[in-house]
Amino acid sequence: MTQDLRYSALKKTPFHAKTSLASRTNKYYNWNGYTVPTEYSTTELEYTAARNGTSVMDLTPMGKYEIIGDHAHQFVDYLVTRDLSKMKDNTVAYIIWCNEDGKVIDDGTIFKFSSTKFMLCCAVKIYNWLNDSAYGFDVTITDVTDTIAALAIQGPTSCSTLKKFGATDLETLKPFEMREYKIDGSDILISRTGFTGDLGYELWTDPKNAETTWDNIEIAGKELKLRPFGMYALEMTRIEAGFIQTNTDFMAAEDSLRPTRMRSPYEIGMGWLVHLNKNSYFVGKKALKKEKEENTTERCLVGLDIDGDKPAHGSVIYNSKKEDIGIVTAALWSPIMKKNIALASLKRPYGIKIKENIFAEIYHPEELEYRKIWARCKVVKRQFFNPERRNKVPADLYE
Amino acid sequence: MPGNSSFDAIIIGGGHNGLVCANVLARKNKRVLICEARKECGGMVNNDITNYVPPVTSAVSSSIGGMQINYVPKTTIALSETGQHIRLVGNQHIDHKSISTFSSHDADRFNDFHEKMSKFSKTLGSFMMASPPRIMNNSFSDYFKLFKLGLNVRLLGKKNFNEFARMIGLNIADELEDNFENTLFQGLVAHDSVIGSNLGPRSPGSLINLLYRMAIHNNSLFGGIFQIEGGNDQFTKHLIEKCKSNNVEIKTSASVKNCIIENDCAVGVELNNGEKMYAKKIISNADPRSTYFSLLGSQNLDTDVKRKIKHHRSKGRVAKLILELDKLPSFNNCDDNDLDSRMVVAPSIDYIEETFNPSKFDKLSLEPTLEICVKKDSDQNPKLDIQVQYAPYKTHQGWENVKENYIESVIKIISKYAPNINECIERKKLLTPDDIESEYNVSGGHWHHGEIQIDQLFMMRPIPGASQYKTHLDGLFMCGAGTHPGGGLTGISGKNAAKAVLDDF
C-alpha cells in the first residue's frame, strides 16, 4: 500500500481501510510507527464483546521477526531465558529475554515452524538486539512486521467465528499450537494465542489477503457478537488476565535511563520463565544465577484486590506504618470479576511474605476535586481472570 | 570438575606475557601448562617482528626471579635526504647539542618539552604498573587506586594539571608545531607517537600514544630503546629457561580449539587434535577477540559483551619488510655507528599524515614511513629489518596482488638514503598485518592486541567488565597485551594477570 508521507508520517496497516470504516470515534494512536484505533465505539462495549462474544483487533504493528538458518533453534534458545530445547514444531511459546545484567528487555511469543525457521513477536522493535545477539550463529533475521498482516480474534465465540470463516477442526487446536489453513484461496496461519486471557486465536497472513479476511471474519461473526476492539479494551482484558506490559508494568532494560529502574524476571513475576539449569548459555544467565544464589531480588510484581470500587491508577502503596512500599502499575474496576483490581510493583518482602495490611492511597477525581481514599489491599494471584474455557480442548462452540 | 584436573593452570599461548605469567604462577608452587600453537614459544617477540625493546621493569623481573639479559642502548637517527641527519641518544645534554646544530630554538624548546612530557608519562606510568581498578566493584582498594591517580595528576600542580588535561586528547602534530621549527625533528617525534597505532599525527589522541611509549621507555623520548645482546629472542629464550627451571610444562604445536566449559565455568581446553586437558584456571594469552569469539565462543557470550568485543579496535597498521643482503649498502653520510642505530624515515609531519590518509580507506601509500634496523642473520650476513607504518590490514586489491609493488616502493624510498641498496638485496620478505594475523594468531595483526587509546585503556582495556584480567567466563583469565597496561613487550600484563589468578585460587 503506497501512501503520501507528506500527509502522515505514520504508516497505515493493511487493515486500515476496514478499521477506519469501523471506527465511530476516529481515535488512533501510534504503535510502532503505525496508526491503529484506540477505540472504535465505546471501550465498555468492546470489552463486553471480548468477554462474551468475539473481538477482533489489528495486530499488524506488533514487531515480527523471522529467524531462519541452521542455528535458528540454538540461537532462539540462547536468546531467551526459557528452555526451548525441547520445543516442538508448529507450537508457540511465551518468552522473555534479558540483557547481560539479567534485566528484562521485553516479553513476546516465539513461533516454531521447524528447527531452522522461527518467528518472534513482541510489542516493540528489537531488530538491532536480535541482530547483535545473532553474531556467531548461522541465522538470518528479517523484520517481517510490514510483510505479515496479523489479527487477534479473541473471546468465547472466537472458535465458532473462525470455524464459520473456514478454519475446519479449529476446536482441536491446543493452546500454544498453530496450524496453517488455506481459506478462500489465502494462506492463513492460525495460532491459539492471545493477550486477553480467554479463548482466542491470532491470524497471520499476507497483507494482500488482509481486507477480504477482515470482511469474511466480520460476516462469519455476525451472529456471534463480533466487534472490532481497540487498545483501551485490550488494556482492560490484559490486566484481568494478569499479563504484563513492557514500559507499563516494568521498564524495558534497553529503554530505562536509570539503572535502578531495570527489573529482573524475578522482580516482575517471570521467574517461572527462567531456566538456570538449561544446558547451554543464554543472555543474562550469569547475572540471573548470581541474583538467585545471592538472593538479591528486591521487588516483586503482584496482583492486588483493593477495597472499594475506585480504580487505584498510579497509586502509591503503603504498609501499616505508612511507609512507601511500592506503586500500582495498572489498575481497573473489573466488570467481569466485580472487583477492584491492580498490578503493583512492591518492595520485598511485601507481596511475598507480607500479603496483608497494605494500603493504596487512591486519588479519585470528582469534578475538579480529588477524593483521597485510603483503601486496604490484599495480595492475590496476578491472574485475576482465568476461565476454564481458555485452555479447553476441544474449544467451546456456539451456534 | 573432572577428576583428571592435573594442572593448576593452563596458559593458552606462549607469548612473552604468557611465559611471564607461567613463571610467576610456578614460583607460587602452581603446576602450569603452556599450550602454544606455533612450533616455538615467544609469539611476536622474535627476530622477525621485533626490532627494539623497552627495558623490563624491576617489578616484572623480580616477580620471575630476576632476568639475566644484557640490554644494548640504541641511538635514534632521523634520516634526511640531504644527509643532514639528526642523531639522538636519550641524554638531555647530548641531544640538546645535536638538535642545536639545526636550530638552537628547537634545542632549548626540547629541554622544556621533554621535561613536561616526562613528568606526564611518569604520572601515567604510576597507574600502569598495577591492575586497573574496576569502578562498579565498590572495593576499597579500587577506589584507592582511582584516588591515587587523581592525586598524582593533581600533585602535578595547577599549571601542569591544566596542561595535562589539555594534552590528554590532543594530537601530536599541534603540540610539535607549537614547539619546534625543524620539520625533520617534528617528523621523528610524530613517527614515534603513531608507530604501531591506527592514528595519524593529526588524529586526536595521538599524543597519549607518545606518553604511553615514554612510560615504558624510561619516561624518555629517545632513551630506553634497546636491543638484547644476542638477538631479541634471547628474551624469550631466557623466559623459556626460567619455565624449565620452575617446572612449567610447555606443549608446542598445540593449537587450542576452545575452552571446555562446565557449569558456566572454564575447566579445561580442547586442542584442535581433539586432546582435552583440564585445569583449575585457564589463562588466555591470545588477543581479546580470539579469546572471546574463539576460545569462549559467541554462543556463550551476552549480547552486550559481543557488541563490546566487536567494537574492540585491533586492526594492525604495521608491516614488516625483511631484506636479506649480501653486503650492507652505503647510507649517505652515515658511519658504522649510524648503521647500528635505529634509522627512521619520516621527513615531516605532513609526510606521515599523507602516508596515513590512504590507509584509512584500506589503500596503500607508496611513500610509507620506515623504521630501519640493521641486523645479521645466522650466517652473519647483513639484513635490513624494516617496520613499514600504515600498511593497511586488508587492501582493496588484495595483498597478494600488490605485495610486490609495495616492496618495490619501500626499496625506492630507502634508495633515496642508500642509493646502492638494489645491488645488495638477495631476498625480500614482507609480513603484512594480514600475514602477522595468520602466522602469529593475532586478530588484526596488531602489535598491541588492540589500539592503545583512551577508550581502550585502564579499566576499559580490553573492554569494560573484563578489565581485571578476568573474562566474562568464570575460571578464564587473560594475560596478553590486550589487557592493561597493553603492549610494548613489558611483561606487565602477564605479571598482573598472574596476581589476579593467584587471588582467585
# chains A, B, ... in the order shown; residues from 1 in each chain; ligands from 1
call {"tool": "interface_residues", "arguments": {"of": "chain A", "to": "chain B", "cutoff": "6 Å", "atoms": "only C-alpha atoms", "output": "VMD selection string"}}
result
chain A and resid 100 133 136 281 283
call {"tool": "write_last_selection", "arguments": {"atoms": "N, CA and C atoms", "output": "CSV table (one decimal), in the first residue's frame"}}
result
chain,number,residue,atom,x,y,z
A,100,GLU,N,22.7,-8.3,29.6
A,100,GLU,CA,23.8,-9.0,30.3
A,100,GLU,C,23.7,-8.9,31.8
A,133,SER,N,22.8,-10.0,18.8
A,133,SER,CA,22.8,-11.3,19.6
A,133,SER,C,23.2,-12.4,18.7
A,136,GLY,N,27.8,-14.8,15.4
A,136,GLY,CA,28.4,-16.1,15.7
A,136,GLY,C,27.4,-17.3,15.5
A,281,TYR,N,24.3,-21.8,27.4
A,281,TYR,CA,24.3,-20.4,27.9
A,281,TYR,C,23.1,-19.7,27.3
A,283,VAL,N,21.5,-15.4,27.2
A,283,VAL,CA,21.9,-14.0,27.5
A,283,VAL,C,21.4,-13.6,28.9
call {"tool": "residues_around", "arguments": {"residues": "Phe15 in chain A", "least_positions_apart": "6", "cutoff": "8 Å", "atoms": "only C-alpha atoms", "output": "number ranges by chain"}}
result
A: 58, 149, 210-211, 214
call {"tool": "select_by_dssp", "arguments": {"residues": "range 57-207 of chain A", "states": "strand (DSSP E)", "output": "PyMOL selection string"}}
result
chain A and resi 57-58+63-68+91-98+104-114+117-122+140-143+149-154+178-183+186-191+200-205
call {"tool": "residues_around", "arguments": {"residues": "range 324-334 of chain A", "least_positions_apart": "6", "cutoff": "10 Å", "atoms": "only C-alpha atoms", "output": "JSON, numbers by chain"}}
result
{"A": [235, 236, 237, 238, 239, 240, 242, 244, 245, 247, 248, 249, 250, 299, 300, 301, 302, 303, 304, 306, 308, 309, 310, 311, 312, 313, 314, 315, 316, 317, 318, 340, 341, 342, 343, 344, 345, 346, 347, 348, 349, 350, 351, 358, 359, 360, 361, 384, 385]}
call {"tool": "write_last_selection", "arguments": {"atoms": "N, CA and C atoms", "output": "short mmCIF file (atom, residue, chain, number, x, y, z; two decimals), in the first residue's frame"}}
result
data_model
loop_
_atom_site.label_atom_id
_atom_site.label_comp_id
_atom_site.auth_asym_id
_atom_site.auth_seq_id
_atom_site.Cartn_x
_atom_site.Cartn_y
_atom_site.Cartn_z
N GLU A 235 -6.35 -3.29 26.98
CA GLU A 235 -5.69 -2.99 28.25
C GLU A 235 -6.53 -3.54 29.41
N MET A 236 -7.87 -3.38 29.32
CA MET A 236 -8.73 -3.91 30.39
C MET A 236 -8.60 -5.42 30.50
N THR A 237 -8.67 -6.08 29.33
CA THR A 237 -8.65 -7.54 29.38
C THR A 237 -7.30 -8.09 29.83
N ARG A 238 -6.24 -7.41 29.43
CA ARG A 238 -4.93 -7.97 29.79
C ARG A 238 -4.64 -7.78 31.28
N ILE A 239 -5.16 -6.72 31.89
CA ILE A 239 -4.96 -6.57 33.34
C ILE A 239 -5.72 -7.68 34.06
N GLU A 240 -6.95 -7.95 33.62
CA GLU A 240 -7.72 -9.04 34.24
C GLU A 240 -7.00 -10.38 34.11
N GLY A 242 -3.85 -10.68 34.00
CA GLY A 242 -2.58 -10.60 34.73
C GLY A 242 -1.37 -10.58 33.82
N ILE A 244 1.63 -8.90 31.68
CA ILE A 244 2.39 -7.67 31.89
C ILE A 244 2.65 -6.95 30.57
N GLN A 245 2.83 -5.66 30.67
CA GLN A 245 3.07 -4.82 29.50
C GLN A 245 4.40 -4.09 29.70
N ASN A 247 7.23 -1.42 29.64
CA ASN A 247 7.20 0.04 29.83
C ASN A 247 5.93 0.54 30.49
N THR A 248 5.09 -0.38 30.99
CA THR A 248 3.94 0.00 31.80
C THR A 248 4.13 -0.65 33.17
N ASP A 249 4.30 -1.96 33.18
CA ASP A 249 4.48 -2.67 34.44
C ASP A 249 5.94 -2.78 34.84
N PHE A 250 6.80 -2.64 33.86
CA PHE A 250 8.23 -2.59 34.16
C PHE A 250 8.89 -1.82 33.03
N ARG A 299 12.41 -6.60 44.31
CA ARG A 299 10.99 -6.26 44.17
C ARG A 299 10.17 -7.45 43.71
N CYS A 300 8.87 -7.25 43.59
CA CYS A 300 8.02 -8.28 43.01
C CYS A 300 6.83 -7.59 42.35
N LEU A 301 6.23 -8.28 41.42
CA LEU A 301 5.04 -7.73 40.75
C LEU A 301 3.87 -8.62 41.12
N VAL A 302 2.88 -8.04 41.80
CA VAL A 302 1.79 -8.88 42.33
C VAL A 302 0.44 -8.33 41.92
N GLY A 303 -0.58 -9.15 42.12
CA GLY A 303 -1.95 -8.70 41.93
C GLY A 303 -2.49 -8.18 43.25
N LEU A 304 -3.30 -7.12 43.19
CA LEU A 304 -3.90 -6.59 44.40
C LEU A 304 -5.41 -6.62 44.26
N ILE A 306 -8.34 -4.72 45.85
CA ILE A 306 -8.42 -3.48 46.62
C ILE A 306 -9.85 -3.23 47.07
N GLY A 308 -13.28 -1.29 47.95
CA GLY A 308 -13.96 -0.20 47.29
C GLY A 308 -14.09 -0.43 45.80
N ASP A 309 -14.52 0.59 45.08
CA ASP A 309 -14.74 0.43 43.64
C ASP A 309 -14.02 1.50 42.83
N LYS A 310 -13.12 2.24 43.46
CA LYS A 310 -12.41 3.28 42.72
C LYS A 310 -11.04 2.76 42.27
N PRO A 311 -10.81 2.70 40.95
CA PRO A 311 -9.55 2.14 40.48
C PRO A 311 -8.34 2.93 40.99
N ALA A 312 -7.30 2.18 41.35
CA ALA A 312 -6.14 2.79 42.02
C ALA A 312 -5.06 3.19 41.02
N HIS A 313 -5.43 3.93 39.98
CA HIS A 313 -4.45 4.30 38.95
C HIS A 313 -3.24 5.01 39.56
N GLY A 314 -2.07 4.45 39.32
CA GLY A 314 -0.82 5.11 39.76
C GLY A 314 -0.68 5.29 41.25
N SER A 315 -1.45 4.57 42.05
CA SER A 315 -1.40 4.78 43.50
C SER A 315 -0.08 4.32 44.11
N VAL A 316 0.30 5.04 45.16
CA VAL A 316 1.44 4.60 45.95
C VAL A 316 0.90 3.60 46.98
N ILE A 317 1.68 2.53 47.24
CA ILE A 317 1.24 1.51 48.20
C ILE A 317 2.05 1.69 49.50
N TYR A 318 1.34 1.61 50.61
CA TYR A 318 1.99 1.80 51.92
C TYR A 318 1.78 0.58 52.80
N ASN A 340 -12.20 -4.62 42.42
CA ASN A 340 -11.28 -3.51 42.17
C ASN A 340 -9.87 -4.10 42.18
N ILE A 341 -9.28 -4.25 40.98
CA ILE A 341 -8.01 -4.97 40.92
C ILE A 341 -6.87 -4.08 40.41
N ALA A 342 -5.67 -4.52 40.69
CA ALA A 342 -4.50 -3.76 40.23
C ALA A 342 -3.28 -4.66 40.17
N LEU A 343 -2.32 -4.27 39.32
CA LEU A 343 -0.99 -4.88 39.34
C LEU A 343 -0.08 -3.89 40.05
N ALA A 344 0.74 -4.38 40.95
CA ALA A 344 1.60 -3.46 41.70
C ALA A 344 3.00 -4.00 41.83
N SER A 345 3.97 -3.09 41.74
CA SER A 345 5.36 -3.45 41.94
C SER A 345 5.71 -3.09 43.38
N LEU A 346 6.03 -4.11 44.19
CA LEU A 346 6.28 -3.88 45.62
C LEU A 346 7.71 -4.24 45.99
N LYS A 347 8.18 -3.57 47.06
CA LYS A 347 9.49 -3.92 47.59
C LYS A 347 9.34 -5.15 48.45
N ARG A 348 10.18 -6.16 48.18
CA ARG A 348 10.11 -7.35 49.02
C ARG A 348 10.49 -7.00 50.45
N PRO A 349 10.02 -7.65 51.49
CA PRO A 349 9.21 -8.87 51.50
C PRO A 349 7.72 -8.62 51.25
N TYR A 350 7.32 -7.36 51.08
CA TYR A 350 5.91 -7.12 50.82
C TYR A 350 5.54 -7.78 49.51
N GLY A 351 4.40 -8.44 49.51
CA GLY A 351 3.95 -9.11 48.30
C GLY A 351 4.38 -10.56 48.27
N ILE A 358 -1.69 -3.94 53.84
CA ILE A 358 -1.08 -2.93 52.99
C ILE A 358 -2.19 -2.08 52.39
N PHE A 359 -1.84 -0.85 52.05
CA PHE A 359 -2.87 0.12 51.69
C PHE A 359 -2.49 0.89 50.42
N ALA A 360 -3.53 1.21 49.67
CA ALA A 360 -3.32 2.04 48.48
C ALA A 360 -3.90 3.42 48.76
N GLU A 361 -3.14 4.42 48.37
CA GLU A 361 -3.65 5.79 48.51
C GLU A 361 -4.21 6.19 47.14
N PHE A 384 -6.13 -12.68 37.58
CA PHE A 384 -7.43 -12.48 38.22
C PHE A 384 -8.50 -13.29 37.49
N PHE A 385 -8.42 -13.27 36.17
CA PHE A 385 -9.46 -13.89 35.34
C PHE A 385 -8.84 -15.03 34.56
#
call {"tool": "residues_around", "arguments": {"residues": "Leu226 in chain A", "least_positions_apart": "2", "cutoff": "10 Å", "atoms": "only C-alpha atoms", "output": "PyMOL selection string"}}
result
chain A and resi 46+49-50+52-56+153-155+157-158+161+217-224+228-229
